[in-house]
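Colleague: Have a peek at run29.cif (mmCIF, C-alpha atoms).
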data_final
loop_
_atom_site.label_atom_id
_atom_site.label_comp_id
_atom_site.auth_asym_id
_atom_site.auth_seq_id
_atom_site.Cartn_x
_atom_site.Cartn_y
_atom_site.Cartn_z
CA MET A 1 5.07 -76.81 -19.10
CA SER A 2 3.46 -73.44 -18.71
CA LEU A 3 0.17 -72.53 -20.36
CA LEU A 4 -0.32 -69.42 -22.46
CA LEU A 5 -3.89 -68.30 -23.12
CA ARG A 6 -3.83 -65.75 -25.92
CA SER A 7 -6.27 -62.92 -26.66
CA VAL A 8 -8.87 -63.86 -24.04
CA THR A 9 -11.48 -61.38 -22.82
CA THR A 10 -11.66 -61.04 -19.03
CA VAL A 11 -14.85 -60.48 -17.05
CA ASP A 12 -13.88 -56.79 -16.95
CA GLY A 13 -13.78 -56.69 -20.76
CA ASP A 14 -10.00 -56.48 -21.23
CA VAL A 15 -8.38 -58.50 -24.01
CA VAL A 16 -5.13 -59.95 -22.68
CA ASP A 17 -2.70 -62.83 -22.77
CA VAL A 18 -2.50 -64.92 -19.60
CA ARG A 19 0.39 -67.20 -18.72
CA CYS A 20 -0.12 -69.89 -16.08
CA ALA A 21 2.68 -71.83 -14.40
CA ASP A 22 2.93 -74.03 -11.32
CA GLY A 23 -0.80 -73.78 -10.73
CA THR A 24 -0.95 -70.00 -10.61
CA VAL A 25 -1.21 -67.01 -12.93
CA ALA A 26 2.36 -66.02 -13.72
CA ASP A 27 1.84 -63.05 -16.02
CA VAL A 28 -0.91 -60.97 -17.65
CA ALA A 29 -0.34 -58.43 -20.40
CA PRO A 30 -1.94 -57.20 -23.63
CA VAL A 31 0.60 -59.35 -25.51
CA LEU A 32 3.00 -61.99 -24.17
CA ALA A 33 5.68 -63.57 -26.31
CA PRO A 34 5.46 -67.38 -26.26
CA ALA A 35 8.16 -69.07 -24.21
CA PRO A 36 9.78 -72.37 -25.26
CA ASP A 37 7.90 -74.31 -22.57
CA ASP A 38 4.49 -72.75 -23.25
CA GLU A 39 1.49 -74.75 -24.31
CA VAL A 40 -0.24 -72.10 -26.40
CA ARG A 41 -4.03 -71.83 -26.71
CA GLU A 42 -5.37 -69.25 -29.16
CA LEU A 43 -8.57 -68.02 -27.54
CA ALA A 44 -9.62 -64.93 -29.45
CA GLY A 45 -13.40 -64.64 -29.07
CA PHE A 46 -13.40 -66.46 -25.74
CA HIS A 47 -14.38 -64.97 -22.40
CA LEU A 48 -12.11 -66.03 -19.54
CA LEU A 49 -14.26 -66.55 -16.45
CA PRO A 50 -13.25 -67.55 -12.93
CA ALA A 51 -13.93 -71.28 -12.95
CA PRO A 52 -17.19 -72.13 -11.19
CA ALA A 53 -17.36 -74.35 -8.14
CA GLU A 54 -20.32 -76.52 -7.16
CA PRO A 55 -20.89 -75.76 -3.46
CA HIS A 56 -23.80 -78.17 -2.98
CA ALA A 57 -24.06 -81.44 -4.86
CA HIS A 58 -25.43 -84.91 -4.09
CA LEU A 59 -23.20 -87.17 -6.13
CA ASP A 60 -24.53 -90.24 -4.32
CA LYS A 61 -28.03 -89.55 -5.69
CA ALA A 62 -26.96 -88.37 -9.15
CA LEU A 63 -28.33 -89.89 -12.36
CA THR A 64 -31.20 -91.83 -10.76
CA SER A 65 -34.33 -89.95 -11.90
CA HIS A 66 -35.22 -92.78 -14.28
CA ARG A 67 -35.02 -95.31 -11.45
CA ALA A 68 -37.36 -93.54 -9.04
CA PRO A 69 -39.76 -90.90 -10.40
CA ASN A 70 -40.92 -88.27 -7.93
CA ARG A 71 -44.66 -88.93 -8.06
CA THR A 72 -45.71 -85.79 -6.17
CA GLY A 73 -42.93 -83.53 -7.44
CA ASP A 74 -42.25 -82.01 -4.03
CA LEU A 75 -39.55 -82.50 -1.40
CA ALA A 76 -41.47 -85.20 0.45
CA GLY A 77 -41.99 -87.10 -2.80
CA ALA A 78 -38.30 -86.87 -3.63
CA ILE A 79 -37.28 -88.22 -0.24
CA GLU A 80 -39.75 -91.07 -0.55
CA ALA A 81 -38.48 -91.92 -4.04
CA ILE A 82 -34.80 -91.94 -3.16
CA ARG A 83 -35.34 -94.00 -0.03
CA ALA A 84 -37.29 -96.55 -2.05
CA ILE A 85 -34.20 -97.32 -4.16
CA SER A 86 -31.29 -96.48 -1.85
CA ALA A 87 -31.09 -100.00 -0.43
CA GLY A 88 -30.11 -101.15 -3.91
CA PHE A 89 -27.17 -98.77 -4.19
CA THR A 90 -24.06 -100.92 -4.16
CA HIS A 91 -20.63 -99.46 -3.53
CA ALA A 92 -19.75 -99.91 -7.20
CA ASP A 93 -22.95 -98.18 -8.32
CA LEU A 94 -22.38 -95.24 -5.99
CA VAL A 95 -18.77 -94.82 -7.13
CA ASP A 96 -19.65 -95.15 -10.82
CA ARG A 97 -22.49 -92.61 -10.80
CA ALA A 98 -20.60 -90.13 -8.64
CA THR A 99 -17.53 -90.35 -10.88
CA ARG A 100 -19.56 -89.88 -14.06
CA ALA A 101 -21.33 -86.91 -12.51
CA ALA A 102 -18.04 -85.32 -11.41
CA HIS A 103 -16.64 -85.67 -14.93
CA GLU A 104 -19.79 -84.03 -16.30
CA TYR A 105 -19.30 -81.08 -13.95
CA LEU A 106 -15.64 -80.82 -14.96
CA ALA A 107 -16.39 -80.87 -18.68
CA ASN A 108 -18.69 -77.87 -18.16
CA GLY A 109 -16.04 -75.93 -16.25
CA THR A 110 -16.53 -76.79 -12.57
CA THR A 111 -13.18 -77.60 -10.97
CA ALA A 112 -14.29 -77.96 -7.34
CA ILE A 113 -17.31 -79.82 -5.92
CA ARG A 114 -18.73 -80.05 -2.41
CA THR A 115 -20.93 -83.13 -2.24
CA HIS A 116 -23.18 -84.29 0.56
CA ALA A 117 -23.20 -87.99 1.43
CA ASP A 118 -26.38 -89.39 2.98
CA LEU A 119 -25.83 -90.75 6.46
CA GLY A 120 -28.49 -92.47 8.56
CA ALA A 121 -30.31 -95.69 9.32
CA HIS A 122 -31.20 -96.23 5.65
CA THR A 123 -27.60 -95.91 4.40
CA GLY A 124 -25.22 -96.54 7.26
CA LEU A 125 -21.79 -95.42 6.05
CA ARG A 126 -22.10 -96.79 2.49
CA HIS A 127 -22.51 -93.42 0.81
CA VAL A 128 -19.74 -91.84 2.86
CA ARG A 129 -17.25 -94.57 1.99
CA ALA A 130 -18.11 -94.41 -1.71
CA LEU A 131 -17.78 -90.64 -1.99
CA LEU A 132 -14.52 -90.62 -0.05
CA GLU A 133 -13.18 -93.09 -2.60
CA VAL A 134 -14.32 -90.84 -5.44
CA ARG A 135 -12.77 -87.80 -3.75
CA ASP A 136 -9.39 -89.50 -3.46
CA ALA A 137 -9.50 -90.96 -6.98
CA LEU A 138 -10.21 -87.55 -8.53
CA ALA A 139 -7.58 -85.67 -6.51
CA GLY A 140 -5.50 -83.56 -8.86
CA LEU A 141 -8.33 -83.29 -11.38
CA VAL A 142 -11.34 -82.07 -9.38
CA ASP A 143 -11.20 -80.74 -5.83
CA VAL A 144 -13.95 -82.75 -4.06
CA GLN A 145 -15.15 -82.04 -0.53
CA VAL A 146 -17.38 -84.60 1.22
CA VAL A 147 -20.04 -83.56 3.75
CA ALA A 148 -21.51 -86.14 6.12
CA LEU A 149 -25.21 -85.36 5.70
CA CYS A 150 -26.87 -86.57 8.87
CA SER A 151 -30.43 -87.50 7.89
CA ALA A 152 -33.47 -86.54 9.92
CA PRO A 153 -34.50 -89.43 12.18
CA TRP A 154 -37.70 -91.34 11.49
CA THR A 155 -37.64 -93.14 14.84
CA PRO A 156 -36.08 -92.55 18.29
CA GLU A 157 -33.59 -95.30 17.45
CA ASP A 158 -32.54 -93.36 14.35
CA ALA A 159 -31.86 -90.28 16.46
CA ARG A 160 -29.54 -92.25 18.74
CA ASP A 161 -27.74 -93.92 15.84
CA ASN A 162 -27.23 -90.68 13.93
CA GLY A 163 -24.78 -89.34 16.49
CA ARG A 164 -22.70 -92.51 16.38
CA LEU A 165 -22.69 -92.63 12.58
CA LEU A 166 -21.69 -88.98 12.34
CA GLU A 167 -18.71 -89.58 14.61
CA GLU A 168 -17.70 -92.62 12.57
CA ALA A 169 -17.94 -90.61 9.35
CA VAL A 170 -15.57 -88.03 10.81
CA ASP A 171 -13.19 -90.84 11.74
CA LEU A 172 -13.31 -92.06 8.12
CA GLY A 173 -12.15 -88.64 6.91
CA VAL A 174 -15.10 -86.53 5.75
CA ASP A 175 -14.27 -82.89 5.16
CA LEU A 176 -17.37 -81.33 6.71
CA VAL A 177 -20.26 -82.06 9.04
CA GLY A 178 -23.76 -81.63 7.64
CA GLY A 179 -27.38 -82.15 8.52
CA ALA A 180 -30.91 -80.93 7.90
CA PRO A 181 -32.23 -79.58 11.22
CA HIS A 182 -35.42 -78.21 9.65
CA MET A 183 -36.46 -81.80 8.86
CA TRP A 184 -36.15 -82.97 12.48
CA PRO A 185 -39.23 -83.15 14.72
CA ASP A 186 -37.07 -81.22 17.21
CA ARG A 187 -35.19 -78.66 15.11
CA THR A 188 -33.01 -77.55 18.00
CA ALA A 189 -31.88 -81.13 18.58
CA GLY A 190 -30.98 -81.43 14.90
CA LEU A 191 -28.87 -78.29 15.05
CA ASP A 192 -27.27 -79.35 18.32
CA LEU A 193 -26.11 -82.70 16.95
CA SER A 194 -24.36 -81.41 13.83
CA PHE A 195 -23.05 -78.22 15.41
CA ASP A 196 -21.60 -79.95 18.46
CA VAL A 197 -19.80 -82.61 16.40
CA ALA A 198 -18.32 -79.96 14.09
CA GLN A 199 -17.21 -77.84 17.04
CA ARG A 200 -15.68 -80.74 18.94
CA ARG A 201 -13.96 -82.30 15.93
CA GLY A 202 -12.76 -79.03 14.41
CA LEU A 203 -14.55 -79.34 11.06
CA PRO A 204 -16.52 -76.85 8.96
CA LEU A 205 -20.30 -77.08 9.02
CA ASP A 206 -22.67 -77.12 6.04
CA LEU A 207 -26.35 -77.47 6.89
CA HIS A 208 -29.45 -77.85 4.75
CA THR A 209 -31.37 -74.94 6.22
CA ASP A 210 -35.03 -73.90 5.98
CA GLU A 211 -35.73 -75.77 2.76
CA THR A 212 -39.35 -74.79 3.11
CA LEU A 213 -41.74 -71.96 2.28
CA ASP A 214 -42.85 -71.85 5.92
CA PRO A 215 -42.63 -68.12 6.72
CA THR A 216 -42.01 -68.88 10.41
CA ALA A 217 -38.87 -70.97 9.83
CA GLN A 218 -35.87 -69.28 11.43
CA GLY A 219 -33.15 -71.92 11.15
CA LEU A 220 -30.79 -69.57 9.30
CA LEU A 221 -31.08 -66.93 12.00
CA HIS A 222 -30.57 -69.51 14.75
CA LEU A 223 -27.46 -70.88 13.02
CA ALA A 224 -25.96 -67.41 12.66
CA GLN A 225 -26.71 -66.61 16.29
CA ARG A 226 -25.15 -69.91 17.40
CA VAL A 227 -21.99 -69.21 15.40
CA ARG A 228 -21.61 -65.76 16.93
CA ALA A 229 -22.42 -66.87 20.45
CA THR A 230 -19.93 -69.75 20.44
CA GLY A 231 -17.20 -68.15 18.35
CA PHE A 232 -17.35 -71.13 15.99
CA GLY A 233 -14.33 -70.59 13.80
CA HIS A 234 -14.20 -73.53 11.42
CA GLY A 235 -16.48 -72.10 8.74
CA ALA A 236 -20.26 -72.42 8.44
CA THR A 237 -22.50 -72.64 5.38
CA ALA A 238 -26.29 -72.66 5.17
CA SER A 239 -27.75 -74.12 1.98
CA HIS A 240 -31.21 -73.55 0.46
CA CYS A 241 -32.60 -71.00 2.99
CA VAL A 242 -35.83 -70.88 0.99
CA SER A 243 -37.96 -69.45 3.78
CA LEU A 244 -35.86 -66.28 3.82
CA GLY A 245 -37.40 -65.48 0.44
CA VAL A 246 -40.94 -65.36 1.88
CA HIS A 247 -40.14 -63.47 5.08
CA PRO A 248 -41.29 -59.84 5.32
CA LEU A 249 -38.59 -57.59 3.89
CA GLU A 250 -37.58 -56.14 7.25
CA VAL A 251 -37.20 -59.66 8.69
CA ALA A 252 -35.15 -60.85 5.71
CA ARG A 253 -32.89 -57.82 6.00
CA ALA A 254 -32.37 -58.29 9.73
CA THR A 255 -31.56 -61.99 9.30
CA SER A 256 -29.21 -61.23 6.40
CA ALA A 257 -27.36 -58.69 8.55
CA GLU A 258 -26.97 -61.31 11.30
CA VAL A 259 -25.71 -63.84 8.75
CA ALA A 260 -23.16 -61.37 7.39
CA ALA A 261 -21.96 -60.50 10.89
CA ALA A 262 -21.56 -64.18 11.72
CA GLY A 263 -19.63 -64.91 8.52
CA VAL A 264 -22.05 -67.67 7.54
CA GLY A 265 -22.08 -68.35 3.81
CA VAL A 266 -25.44 -68.92 2.14
CA VAL A 267 -25.82 -71.17 -0.91
CA ALA A 268 -28.78 -70.55 -3.21
CA LEU A 269 -29.93 -73.57 -5.22
CA PRO A 270 -32.41 -72.26 -7.79
CA GLN A 271 -32.92 -75.33 -10.00
CA THR A 272 -33.94 -77.76 -7.28
CA ASN A 273 -35.86 -75.28 -5.17
CA LEU A 274 -37.82 -73.93 -8.11
CA TYR A 275 -38.72 -77.51 -9.00
CA LEU A 276 -39.67 -78.74 -5.52
CA GLN A 277 -41.18 -75.72 -3.82
CA GLY A 278 -44.59 -74.07 -4.15
CA ARG A 279 -46.52 -76.98 -5.66
CA GLU A 280 -49.37 -76.50 -3.21
CA SER A 281 -49.99 -73.02 -4.67
CA THR A 282 -52.26 -73.04 -7.70
CA VAL A 283 -51.91 -69.30 -8.40
CA ALA A 284 -49.12 -66.80 -7.74
CA THR A 285 -46.71 -69.67 -7.11
CA PRO A 286 -43.74 -68.49 -5.01
CA ARG A 287 -40.35 -68.79 -6.63
CA GLY A 288 -38.81 -71.00 -3.97
CA LEU A 289 -35.57 -69.01 -3.91
CA THR A 290 -33.74 -67.47 -1.00
CA ALA A 291 -33.58 -63.67 -0.63
CA VAL A 292 -30.47 -63.20 -2.76
CA ARG A 293 -30.72 -59.40 -2.99
CA ALA A 294 -31.15 -58.91 0.76
CA LEU A 295 -28.15 -61.15 1.42
CA LEU A 296 -25.93 -59.29 -1.07
CA ASP A 297 -27.05 -55.90 0.22
CA ALA A 298 -26.14 -57.00 3.75
CA GLY A 299 -22.66 -58.03 2.65
CA ALA A 300 -23.19 -61.74 3.24
CA VAL A 301 -21.25 -64.31 1.25
CA LEU A 302 -23.65 -65.64 -1.40
CA GLY A 303 -22.81 -68.79 -3.30
CA ALA A 304 -24.99 -70.70 -5.72
CA GLY A 305 -25.04 -74.16 -7.21
CA GLY A 306 -27.04 -76.80 -9.00
CA ASP A 307 -27.77 -79.17 -6.09
CA ASN A 308 -29.26 -82.28 -7.71
CA LEU A 309 -28.25 -83.84 -11.00
CA ARG A 310 -31.08 -85.75 -12.70
CA ASP A 311 -32.43 -87.48 -9.61
CA PRO A 312 -35.87 -87.43 -7.90
CA PHE A 313 -35.10 -84.00 -6.42
CA ASN A 314 -34.41 -82.45 -9.82
CA PRO A 315 -34.74 -84.47 -13.03
CA MET A 316 -33.43 -81.60 -15.17
CA GLY A 317 -30.01 -80.87 -13.64
CA ARG A 318 -27.22 -80.60 -16.21
CA ALA A 319 -24.05 -80.13 -14.11
CA ASP A 320 -23.50 -76.69 -15.60
CA ALA A 321 -22.97 -73.57 -13.52
CA CYS A 322 -24.39 -71.56 -16.42
CA GLU A 323 -27.80 -73.01 -15.57
CA ALA A 324 -27.68 -71.85 -11.95
CA ALA A 325 -26.32 -68.43 -12.95
CA SER A 326 -28.98 -67.95 -15.62
CA LEU A 327 -31.72 -68.76 -13.15
CA LEU A 328 -30.31 -66.24 -10.68
CA VAL A 329 -30.65 -63.63 -13.41
CA THR A 330 -34.16 -64.59 -14.50
CA SER A 331 -35.73 -65.62 -11.20
CA GLY A 332 -33.52 -63.80 -8.70
CA HIS A 333 -33.10 -60.60 -10.73
CA LEU A 334 -29.35 -60.44 -10.24
CA SER A 335 -27.11 -58.89 -12.86
CA THR A 336 -25.11 -61.24 -15.06
CA ARG A 337 -21.89 -60.36 -13.23
CA GLU A 338 -23.49 -60.89 -9.82
CA ALA A 339 -24.86 -64.24 -10.91
CA TRP A 340 -21.49 -65.49 -12.15
CA ASP A 341 -19.83 -64.21 -8.99
CA ALA A 342 -22.27 -66.35 -7.00
CA VAL A 343 -21.40 -69.59 -8.82
CA SER A 344 -17.67 -68.86 -8.87
CA ALA A 345 -16.23 -66.46 -6.29
CA GLY A 346 -19.12 -66.79 -3.84
CA ALA A 347 -19.23 -70.57 -4.14
CA ARG A 348 -15.48 -70.79 -3.59
CA ARG A 349 -15.63 -68.55 -0.54
CA CYS A 350 -18.33 -70.78 0.94
CA MET A 351 -16.02 -73.74 0.28
CA GLY A 352 -12.97 -72.08 1.81
CA LEU A 353 -11.16 -71.96 -1.53
CA PRO A 354 -9.18 -69.08 -3.09
CA VAL A 355 -10.92 -67.03 -5.76
CA PRO A 356 -9.30 -67.04 -9.21
CA THR A 357 -8.70 -63.74 -11.01
CA ALA A 358 -6.69 -62.79 -14.08
CA VAL A 359 -3.88 -61.23 -12.05
CA PRO A 360 -0.41 -62.58 -11.28
CA GLY A 361 -0.30 -64.76 -8.19
CA SER A 362 -3.91 -65.93 -8.46
CA VAL A 363 -4.79 -69.58 -8.57
CA ALA A 364 -5.16 -70.64 -12.21
CA GLU A 365 -8.73 -71.97 -12.22
CA PHE A 366 -10.60 -70.69 -15.29
CA LEU A 367 -13.35 -71.46 -17.74
CA ALA A 368 -12.91 -70.02 -21.22
CA VAL A 369 -16.14 -69.82 -23.22
CA ARG A 370 -16.47 -68.80 -26.86
CA ALA A 371 -19.13 -66.08 -26.76
CA GLU A 372 -19.75 -62.60 -28.09
CA SER A 373 -20.54 -61.14 -24.65
CA LEU A 374 -20.51 -61.88 -20.95
CA ASP A 375 -24.30 -62.36 -21.13
CA ALA A 376 -23.89 -65.01 -23.82
CA ALA A 377 -21.06 -66.73 -21.96
CA VAL A 378 -22.96 -66.96 -18.68
CA ALA A 379 -26.18 -67.97 -20.41
CA GLY A 380 -24.33 -70.97 -21.78
CA ALA A 381 -24.84 -69.85 -25.36
CA GLY A 382 -21.15 -70.44 -26.03
CA THR A 383 -20.84 -74.20 -26.25
CA ASP A 384 -17.09 -74.24 -27.02
CA ARG A 385 -15.25 -74.37 -23.70
CA VAL A 386 -11.73 -74.78 -22.35
CA VAL A 387 -11.37 -75.71 -18.68
CA VAL A 388 -8.19 -74.77 -16.83
CA SER A 389 -7.41 -76.23 -13.41
CA ARG A 390 -4.14 -75.87 -11.54
CA GLY A 391 -2.75 -74.05 -14.53
CA ARG A 392 -3.34 -76.77 -17.09
CA VAL A 393 -6.10 -77.63 -19.54
CA VAL A 394 -8.12 -80.49 -18.05
CA ALA A 395 -11.12 -80.52 -20.39
CA SER A 396 -12.29 -78.94 -23.60
CA THR A 397 -15.44 -79.03 -25.70
CA GLN A 398 -15.88 -78.15 -29.35
CA VAL A 399 -19.22 -78.10 -31.13
CA GLN A 400 -20.03 -78.26 -34.81
CA ARG A 401 -23.46 -77.30 -36.10
CA VAL A 402 -24.39 -78.65 -39.51
CA PHE A 403 -27.49 -77.80 -41.53
CA PRO A 404 -28.26 -79.72 -44.73
CA GLY A 405 -25.51 -79.08 -47.23
CA ARG A 406 -23.31 -76.78 -45.20
CA VAL A 407 -21.46 -76.22 -41.94
CA VAL A 408 -22.93 -73.22 -40.13
CA ALA A 409 -20.60 -72.99 -37.15
CA GLN A 410 -17.42 -74.88 -36.48
CA SER A 411 -14.66 -74.70 -33.90
#
Before anything else, please render the file you have as structure tokens.

Modeller:
Amino acid sequence: MSLLLRSVTTVDGDVVDVRCADGTVADVAPVLAPAPDDEVRELAGFHLLPAPAEPHAHLDKALTSHRAPNRTGDLAGAIEAIRAISAGFTHADLVDRATRAAHEYLANGTTAIRTHADLGAHTGLRHVRALLEVRDALAGLVDVQVVALCSAPWTPEDARDNGRLLEEAVDLGVDLVGGAPHMWPDRTAGLDLSFDVAQRRGLPLDLHTDETLDPTAQGLLHLAQRVRATGFGHGATASHCVSLGVHPLEVARATSAEVAAAGVGVVALPQTNLYLQGRESTVATPRGLTAVRALLDAGAVLGAGGDNLRDPFNPMGRADACEAASLLVTSGHLSTREAWDAVSAGARRCMGLPVPTAVPGSVAEFLAVRAESLDAAVAGAGTDRVVVSRGRVVASTQVQRVFPGRVVAQS
């Protein structure tokens, strides 16, 4: 069957009918006559947005904040908390939580997820195996990419084992190579390990980069320079990049230009970084956000996501791209359109996925939100949603608000 979405408002403000067939947009016009095979959805009053993608999740950690509170509230406290309980993560527990989290993302409109899987002495390959199982089980419903997140070593033995585990994760079928070089005692060694494996095995690279307010951190610049110098052609993403937001403006602009020239995508993660960063500052607390405006002005690919979902790194995550986009407006001072582009088009470019648009031939990945304006839709004020993936409705939400004695709003 084909899918006909009637009277939807596009991000450009046009009210149109959109027909989807075989996973793509087949036709767009002010009015389309229903065909015999059409599933018809009447969506007057809905905004049709490019479906968001989550370019940086941790499904293996999701839904654990109640198990391990972050006692200090910062990044070190989160790492300590998750490591205190990770030994108790069974395969079934990992698969169950990751699957529930993925369904939560999907219900809110996210049809593609890139998730990191912890890899190191404290996990072995348990997290990788579990998330690969979730990826394969959800194929056809949610596009899941798994990153082997090579943990920073705590001992020399860990450093030796990390290389072996990373190679074994690639053999198991992960989609990307990851790591967190800024957490290593020797940051260059951390970059070398992940970069060399990705280069040799022909996989894209997605690194946790400069997740710190240290104004001297230059991991993003070094990654971009390495990509250009080696001609690395498999795709590179740098996530977090918090330190770029506290660099002097001329330094941030120069780094952003290098990033754009290298084709490195940058993923901003406002929820988690606003929560974890800046706790040592008692006044004029920094925002803990990368330099989104400098990156956009330089022409770099800017994606954005939610990062952690109710775990010690962020107890408030809600698996909703509207949250990340709203924070980019309020804390990053982007326009509403720029913010939604970051969580949809920008995120998908970072993930190597096509960008959906309401034009024939586009992939049919959309989120329809009942809202009076684009601002209201992106803010999440419209709670009625219809999620379209591969040209079919895969999730929908309807909300009824009732005050004593009468229904105020009903869908």

Colleague: Near Ala324 (chain A), within 9 Å and counting all atoms listed in the file, which residues show up once chain neighbours fewer than 4 positions away are dropped, as a PyMOL selection string?

Modeller: chain A and resi 268-271+304-306+320+328-329+339-340+343

Colleague: Convert the output of the PyMOL selection byres ((chain A and resi 165) around 9) on the shown file into explicit residues, formatted as a compact mmCIF listing (two decimals) with C-alpha atoms, keeping the file's coordinate frame.

Modeller:
# COMPACT_ATOMS: atom_id res chain seq x y z
CA LEU A 119 -25.83 -90.75 6.46
CA GLY A 120 -28.49 -92.47 8.56
CA ALA A 121 -30.31 -95.69 9.32
CA GLY A 124 -25.22 -96.54 7.26
CA LEU A 125 -21.79 -95.42 6.05
CA CYS A 150 -26.87 -86.57 8.87
CA ASP A 161 -27.74 -93.92 15.84
CA ASN A 162 -27.23 -90.68 13.93
CA GLY A 163 -24.78 -89.34 16.49
CA ARG A 164 -22.70 -92.51 16.38
CA LEU A 166 -21.69 -88.98 12.34
CA GLU A 167 -18.71 -89.58 14.61
CA GLU A 168 -17.70 -92.62 12.57
CA ALA A 169 -17.94 -90.61 9.35
CA VAL A 170 -15.57 -88.03 10.81

Colleague: Measure the distance from CA of Ala294 (chain A) to CA of Asp206 (chain A) in Å and round it to one decimal.

Modeller: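 So the two atoms, CA of Ala294 (chain A) and CA of Asp206 (chain A), lie 20.8 Å apart.
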
Colleague: Taking the file as shown, find all residues satisfying the PyMOL selection byres ((chain A and resi 278-282) around 10) and write them as a list in words.

Modeller: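 Listing what the PyMOL selection byres ((chain A and resi 278-282) around 10) selects in the shown file: Thr72, Gly73, Asp74, Leu75, Thr212, Leu213, Asn273, Leu274, Tyr275, Leu276, Gln277, Val283, Ala284, Thr285, Pro286, Arg287 and Gly288 of chain A.
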
Colleague: Between A:Leu3, A:Cys241, A:Ala381, A:Val95, which has the minimum distance to Arg135 (chain A) (counting only C-alpha atoms)?

Modeller: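 Looking only at the distances to Arg135 (chain A), the closest residue turns out to be A:Val95.
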
Colleague: Need to verify the contact set: Leu5 (chain A), 7 Å, only C-alpha atoms, exclusion of same-chain residues closer than 3 positions in sequence. Can you return it as a PDB file with C-alpha atoms, in the frame of the given file?

Modeller:
ATOM      1  CA  VAL A   8      -8.870 -63.860 -24.040  1.00  0.00           C
ATOM      2  CA  ASP A  17      -2.700 -62.830 -22.770  1.00  0.00           C
ATOM      3  CA  VAL A  18      -2.500 -64.920 -19.600  1.00  0.00           C
ATOM      4  CA  ARG A  19       0.390 -67.200 -18.720  1.00  0.00           C
ATOM      5  CA  VAL A  40      -0.240 -72.100 -26.400  1.00  0.00           C
ATOM      6  CA  ARG A  41      -4.030 -71.830 -26.710  1.00  0.00           C
ATOM      7  CA  GLU A  42      -5.370 -69.250 -29.160  1.00  0.00           C
ATOM      8  CA  LEU A  43      -8.570 -68.020 -27.540  1.00  0.00           C
TER       9      LEU A  43
END

Colleague: Where does the PyMOL selection byres ((chain A and resi 234-237) around 9) land in this file, that is, which residues does it pick, as a tab-separated table (two decimals) with C-alpha atoms, in the frame of the given file?

Modeller:
chain	number	residue	atom	x	y	z
A	198	ALA	CA	-18.32	-79.96	14.09
A	199	GLN	CA	-17.21	-77.84	17.04
A	202	GLY	CA	-12.76	-79.03	14.41
A	203	LEU	CA	-14.55	-79.34	11.06
A	204	PRO	CA	-16.52	-76.85	8.96
A	205	LEU	CA	-20.30	-77.08	9.02
A	206	ASP	CA	-22.67	-77.12	6.04
A	207	LEU	CA	-26.35	-77.47	6.89
A	208	HIS	CA	-29.45	-77.85	4.75
A	223	LEU	CA	-27.46	-70.88	13.02
A	224	ALA	CA	-25.96	-67.41	12.66
A	227	VAL	CA	-21.99	-69.21	15.40
A	232	PHE	CA	-17.35	-71.13	15.99
A	233	GLY	CA	-14.33	-70.59	13.80
A	238	ALA	CA	-26.29	-72.66	5.17
A	239	SER	CA	-27.75	-74.12	1.98
A	262	ALA	CA	-21.56	-64.18	11.72
A	263	GLY	CA	-19.63	-64.91	8.52
A	264	VAL	CA	-22.05	-67.67	7.54
A	265	GLY	CA	-22.08	-68.35	3.81
A	266	VAL	CA	-25.44	-68.92	2.14
A	267	VAL	CA	-25.82	-71.17	-0.91
A	350	CYS	CA	-18.33	-70.78	0.94
A	351	MET	CA	-16.02	-73.74	0.28
A	352	GLY	CA	-12.97	-72.08	1.81

Colleague: Mind giving me the axis-aligned box for region 102-120 of chain A with 5 Å on every side, centre plus edges in Å to one decimal, as lines of an AutoDock Vina configuration file?

Modeller:
center_x = -20.8
center_y = -84.2
center_z = -5.1
size_x = 25.3
size_y = 26.5
size_z = 37.2

Colleague: So, with only C-alpha atoms as the atoms that count, which of A:Leu149, A:Val393, A:Ala76, A:Ala107 lies closest to Glu365 (chain A)?

Modeller: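 With only C-alpha atoms as the atom set, the closest residue is A:Val393.
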
Colleague: Can you measure CA of Asp375 (chain A) to CA of Ala345 (chain A) for me? One decimal in Å is fine.

Modeller: 17.4 Å

Colleague: Interatomic distance between CA of Asn308 (chain A) and CA of Val174 (chain A)?

Modeller: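 Computing it gives 20.0 Å between the two atoms.
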
Colleague: Closest to Ser344 (chain A) among A:Thr188, A:Gln218, A:Thr111, A:Thr255, using only C-alpha atoms?

Modeller: A:Thr111

Colleague: Give me the residues within 12 Å of Val25 (chain A) as a compact mmCIF listing (two decimals) with C-alpha atoms, in the coordinates of the input, counting all atoms listed in the file and dropping any in the same chain fewer than 6 places off.

Modeller:
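Contents of the output file out-v1.txt:
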# COMPACT_ATOMS: atom_id res chain seq x y z
CA SER A 2 3.46 -73.44 -18.71
CA LEU A 3 0.17 -72.53 -20.36
CA LEU A 4 -0.32 -69.42 -22.46
CA LEU A 5 -3.89 -68.30 -23.12
CA ASP A 17 -2.70 -62.83 -22.77
CA VAL A 18 -2.50 -64.92 -19.60
CA ARG A 19 0.39 -67.20 -18.72
CA PRO A 356 -9.30 -67.04 -9.21
CA THR A 357 -8.70 -63.74 -11.01
CA ALA A 358 -6.69 -62.79 -14.08
CA VAL A 359 -3.88 -61.23 -12.05
CA PRO A 360 -0.41 -62.58 -11.28
CA GLY A 361 -0.30 -64.76 -8.19
CA SER A 362 -3.91 -65.93 -8.46
CA VAL A 363 -4.79 -69.58 -8.57
CA ALA A 364 -5.16 -70.64 -12.21
CA GLU A 365 -8.73 -71.97 -12.22
CA PHE A 366 -10.60 -70.69 -15.29
CA VAL A 388 -8.19 -74.77 -16.83
CA SER A 389 -7.41 -76.23 -13.41
CA ARG A 390 -4.14 -75.87 -11.54
CA GLY A 391 -2.75 -74.05 -14.53
CA ARG A 392 -3.34 -76.77 -17.09
